[in-house]
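Reviewing the structure listed below.
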Amino acid sequence: MNTTRTAPVPASQVRDWAAETDVIVVGFGCAGASASIEAARAGAEVLVVDAAGGWGGASAMSGGEIYLGGGTPVQKACGIQDTPEAMYDFLKLATGPGPHEDKLALYCEGSLEHFDWLVGCGVPFKSGLWTEPCWEAPTGYGLMYTGGENAHPFADLVPPAPRGHIVHMEDKRPGERSAGWMLMSHLVSTAERSGVMVRYGTRTERLVVDGDRVVGVGAVTFGERVFLRARRGVVLAAGGFGANPVMLAQHSPRLLGNWLVGTDHDDGGAIRMGQAVGAAVRHMEAAQAAFPADPALLFRSLLLDVHGRRFINEDTYPGRVGQAALFQQNRKVFILYDEAINEELQRTGGRAADPTWVSDDLAELERRMRIAPGVLAGTVEMYNANAEKGEDPLFHKSARWLRPITPPYGVLDLRDAAFGIFTLGGLHTSPQGEALDIDGAPVPGLFAAGRTTSGIPSWGYCSGTSLGDGTFFGRCAGRSAAAR
């Protein structure tokens with residue numbers, strides 16, 4: 001990769017500014033949109049630049065779940081009791097190791113206000129609790145468990161509460177037309193009403209500095225290189241680095257060979273620009289890994305390692321399972337299930353799975369899976385004996401999903417199947433959105449939010465924490481930039 005284009009440009013070398021404003025926001029996903037709204041409401045003149053031809057980024061492609069809690073109106077309408085303290089206790093466990101505790105505390109304390117802010121931007125929510133395992137709930141449901149709150153180990157440690165607040169969207173089609181688009185539509189409309197100006201097709205490549213202070217950006221727009229001046233500050237909110245194989249190889253090589261949940265613009269450019277002016281990074285090895293099978297199948301089945309042994313409770317958050325399978329098992333996993341499970345999936349709206357192998361004989365499946373004789377049979381024998389009693393002493397799967405596996409058996413071979421990934425590491429920022437150097441001091445004039453930063457999901461992940469901390473800390477970064 002050509003690193004010279006990322007090096008900052010001294011302001012003294014800029015002969016002409018193509019535009020001048022108070023705050024420049026790089027990226028128009030949920031973090032950038034939220035930053036621009038708050039900066040404008042704080043009285044700043046704001047210009048957003050985005051490399052794409054329109055707004056949205058990875059946020060618009062998402063399922064539209066936002067992680068909120070503490071007793072929101074949606075939770076109360078669904079009969080759910082929750083507190084900011086319980087939310088904090090759960091997130092500290094689920095997003096570690098190494099969570100940013102100050103950010104967590106601020107996020108949980110401000111969750112109710114943030115819900116009201118989103119509603120004030122026109123973002124719609126409905127009541128209705130969805131409790132079936134899935135990646136996205138159907139239209140009309142406004143709340144679901146999105147982090148394994150009601151599964152081992154968390155349910156034993158913190159009172160479980162669903163906190164995945166789902167943006168309402170009529171006639172959504174999960175995977176094709178999801179509610180992230182609806183979230184972005186309302187945020188963008190709010191930004192435009194607030195007077196925010198936007199330049200699309202403008203790719204930011206370098207920061208401009210005056211001494212140690214960031215005072216603008218260098219960009220390419222329709223083939224022309226331009227410089228844009230920011231009188232108060234620059235907010236970097238241009239996504240992660242999942243589309244950059246060089247950065248993946250450097251920081252998190254197990255992510256290579258998977259498919260990106262995001263866009264081609266998640267190339268790490270904003271992170272590298274921040275590093276080039278002295279900003280530090282955190283958790284660059286961390287990533288979310290969507291498990292490559294229907295959660296409704298996963299919860300009911302046995303997930304096996306390459307040796308034919310279980311390694312996690314299958315009924316926890318599928319993203320947590322995905323991380324375990326990718327980072328601990330190197331994607332070498334199988335799913336064992338039976339005909340009754342497939343029939344139940346069809347009855348409950350899940351997808352029936354086409355097995356790689358089918359047999360009444362576990363010994364035959366051991367030969368096909370190339371695992372040691374007796375291992376699979378022993379795994380099934382122990383699981384079934386405990387399932388008969390409604391127990392899972394090894395991994396503590398909920399009794400709701402325990403049922404003996406019986407022939408004919410099906411095995412889904414997921415060895416080397418591609419996982420859906422996006423990066424979680426990025427620039428180290430304060431809770432106020434300031435980019436920090438390696439000594440923890442703010443880089444003057446530079447702010448960041450969203451997946452360009454290491455945020456609430458420091459390592460572990462819960463669906464909704466990207467949209468949650470992107471919008472929440474985007475607001476903080478926008479306010480901070482406008483105040484400088």
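Numbering starts fresh at 1 for the residues of each chain in the structure tokens, the chains themselves are lettered A, B, ... in the order given, and ligands are numbered from 1 as they appear.
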DSSP alpha helix (DSSP H) selection over region 249-379 of chain A, as an NGL selection string
:A and (249-251 or 269-276 or 295-300 or 318-323 or 339-347 or 362-369 or 375-379)
I need the residues from that last selection saved to file as a PDB file, in the first residue's frame (with C-alpha atoms), if you can.
ATOM      1  CA  ALA A 249      -2.975  -9.195   7.258  1.00  0.00           C
ATOM      2  CA  GLN A 250      -1.125  -6.810   9.552  1.00  0.00           C
ATOM      3  CA  HIS A 251      -3.623  -6.649  12.408  1.00  0.00           C
ATOM      4  CA  GLY A 269      -8.148   5.182   5.231  1.00  0.00           C
ATOM      5  CA  ALA A 270      -9.545   7.295   8.068  1.00  0.00           C
ATOM      6  CA  ILE A 271      -7.710   5.192  10.666  1.00  0.00           C
ATOM      7  CA  ARG A 272      -4.427   5.556   8.799  1.00  0.00           C
ATOM      8  CA  MET A 273      -4.902   9.307   8.424  1.00  0.00           C
ATOM      9  CA  GLY A 274      -5.386   9.562  12.155  1.00  0.00           C
ATOM     10  CA  GLN A 275      -2.307   7.466  12.822  1.00  0.00           C
ATOM     11  CA  ALA A 276      -0.309   9.665  10.471  1.00  0.00           C
ATOM     12  CA  PRO A 295     -29.380 -19.058  14.198  1.00  0.00           C
ATOM     13  CA  ALA A 296     -32.630 -21.048  14.404  1.00  0.00           C
ATOM     14  CA  LEU A 297     -30.662 -24.117  13.276  1.00  0.00           C
ATOM     15  CA  LEU A 298     -27.671 -23.347  15.470  1.00  0.00           C
ATOM     16  CA  PHE A 299     -29.662 -23.054  18.718  1.00  0.00           C
ATOM     17  CA  ARG A 300     -31.303 -26.471  18.265  1.00  0.00           C
ATOM     18  CA  PRO A 318     -24.656 -16.103  17.106  1.00  0.00           C
ATOM     19  CA  GLY A 319     -22.020 -13.397  16.720  1.00  0.00           C
ATOM     20  CA  ARG A 320     -20.362 -14.649  19.901  1.00  0.00           C
ATOM     21  CA  VAL A 321     -20.465 -18.160  18.448  1.00  0.00           C
ATOM     22  CA  GLY A 322     -19.003 -16.775  15.234  1.00  0.00           C
ATOM     23  CA  GLN A 323     -16.110 -15.164  17.060  1.00  0.00           C
ATOM     24  CA  GLU A 339     -34.747 -34.479  10.732  1.00  0.00           C
ATOM     25  CA  ALA A 340     -36.959 -33.269  13.570  1.00  0.00           C
ATOM     26  CA  ILE A 341     -34.914 -30.075  13.825  1.00  0.00           C
ATOM     27  CA  ASN A 342     -35.310 -29.384  10.111  1.00  0.00           C
ATOM     28  CA  GLU A 343     -39.054 -29.919  10.383  1.00  0.00           C
ATOM     29  CA  GLU A 344     -39.249 -27.533  13.335  1.00  0.00           C
ATOM     30  CA  LEU A 345     -37.323 -24.890  11.415  1.00  0.00           C
ATOM     31  CA  GLN A 346     -39.851 -25.035   8.605  1.00  0.00           C
ATOM     32  CA  ARG A 347     -42.747 -24.712  11.059  1.00  0.00           C
ATOM     33  CA  LEU A 362     -22.601 -42.108  13.815  1.00  0.00           C
ATOM     34  CA  ALA A 363     -19.576 -44.272  13.036  1.00  0.00           C
ATOM     35  CA  GLU A 364     -20.153 -43.667   9.316  1.00  0.00           C
ATOM     36  CA  LEU A 365     -20.365 -39.935   9.930  1.00  0.00           C
ATOM     37  CA  GLU A 366     -17.108 -40.075  11.905  1.00  0.00           C
ATOM     38  CA  ARG A 367     -15.406 -41.593   8.867  1.00  0.00           C
ATOM     39  CA  ARG A 368     -16.865 -38.947   6.527  1.00  0.00           C
ATOM     40  CA  MET A 369     -15.889 -36.155   8.921  1.00  0.00           C
ATOM     41  CA  VAL A 375     -15.603 -39.242  19.556  1.00  0.00           C
ATOM     42  CA  LEU A 376     -18.800 -38.164  17.803  1.00  0.00           C
ATOM     43  CA  ALA A 377     -20.741 -41.050  19.307  1.00  0.00           C
ATOM     44  CA  GLY A 378     -19.488 -40.085  22.755  1.00  0.00           C
ATOM     45  CA  THR A 379     -20.444 -36.435  22.232  1.00  0.00           C
TER      46      THR A 379
END
Selected residue of minimal separation from Pro431 (chain A) among A:Ser480, A:Asn384, A:Ser463, A:Thr6, counting only C-alpha atoms:
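Distance minimum relative to Pro431 (chain A) lands on A:Ser480.
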If we count only C-alpha atoms, what is near Pro457 (chain A) at a cut-off of 10 Å, once residues fewer than 4 positions away on the same chain are taken out, given as number ranges by chain?
A: 91-92, 94-100, 104, 283, 286-288, 424-425, 451, 461-466, 469
Kindly indicate which residue among A:Ala151, A:Leu248, A:Ala387, A:Val123 lies nearest to Arg403 (chain A), using only C-alpha atoms for the distances.
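Ranking A:Ala151, A:Leu248, A:Ala387, A:Val123 by distance to Arg403 (chain A), first place goes to A:Ala387.
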Identify, on the basis of only C-alpha atoms, every residue whose closest approach to Gly122 (chain A) does not exceed 9 Å; exclude the query and any residue fewer than 5 positions from it along the same chain; express the result as an NGL selection string.
:A and (117 or 183 or 186-187 or 189-190)
Secondary structure check, strand (DSSP E or B) residues of region 93-340 of chain A, as an MDAnalysis selection string
chainID A and resid 125 129:130 143:144 164:167 173 177 197:199 202:210 213:221 224:236 259:260 279 281:282 287:290 302:305 310 333:338
Given only C-alpha atoms, how would the per-residue table for region 404-426 of chain A near region 50-71 of chain A read, listing every residue at most 12 Å away with its closest atom pair and distance in Å to one decimal, sorted by chain and number, as a tab-separated table?
residue	atom	partner	partner_atom	distance
A:Ile421	CA	A:Ala58	CA	11.9
A:Phe422	CA	A:Ala58	CA	9.8
A:Thr423	CA	A:Ala58	CA	11.9
Could you tell me which of A:Glu314, A:Asp266, A:Glu176, A:Asp22 comes closest to Arg400 (chain A) if we count only C-alpha atoms?
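The closest residue to Arg400 (chain A) is A:Glu314.
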So how far away is CA of Ala290 (chain A) from CA of Asn258 (chain A), in Å?
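If I compute the distance from CA of Asn258 (chain A) to CA of Ala290 (chain A), I get 10.2 Å.
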Considering only C-alpha atoms, return as a VMD selection string whatever protein or nucleic-acid residues lie within 8 Å of Asp413 (chain A), sequence-local ones (same chain, fewer than 4 positions apart) excluded.
chain A and resid 333 to 335 355 to 356
Keeping N, CA and C atoms, export the residues of the selection given above as a short mmCIF file (atom, residue, chain, number, x, y, z; two decimals), in the first residue's frame.
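Here's the written file result21.cif:
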data_model
loop_
_atom_site.label_atom_id
_atom_site.label_comp_id
_atom_site.auth_asym_id
_atom_site.auth_seq_id
_atom_site.Cartn_x
_atom_site.Cartn_y
_atom_site.Cartn_z
N VAL A 333 -15.40 -26.17 11.72
CA VAL A 333 -16.54 -26.57 12.55
C VAL A 333 -17.58 -27.33 11.73
N PHE A 334 -18.39 -28.11 12.46
CA PHE A 334 -19.53 -28.84 11.89
C PHE A 334 -20.78 -28.52 12.71
N ILE A 335 -21.94 -28.67 12.08
CA ILE A 335 -23.21 -28.67 12.80
C ILE A 335 -23.85 -30.05 12.64
N PRO A 355 -28.05 -30.89 4.45
CA PRO A 355 -26.87 -31.46 5.10
C PRO A 355 -25.80 -31.86 4.07
N THR A 356 -24.55 -31.80 4.51
CA THR A 356 -23.45 -32.31 3.68
C THR A 356 -23.48 -33.82 3.63
#
Considering only C-alpha atoms, can you say which of A:Ala230, A:Ala40, A:Ala417, A:Leu236 comes closest to Thr204 (chain A)?
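Closest to Thr204 (chain A) of all the choices is A:Leu236.
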Can you work out which one of A:Pro10, A:Pro404, A:Pro160, A:Pro373 has the shortest atom-to-atom distance to Ala385 (chain A), counting only C-alpha atoms?
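The shortest atom-to-atom distance to Ala385 (chain A) comes from A:Pro404.
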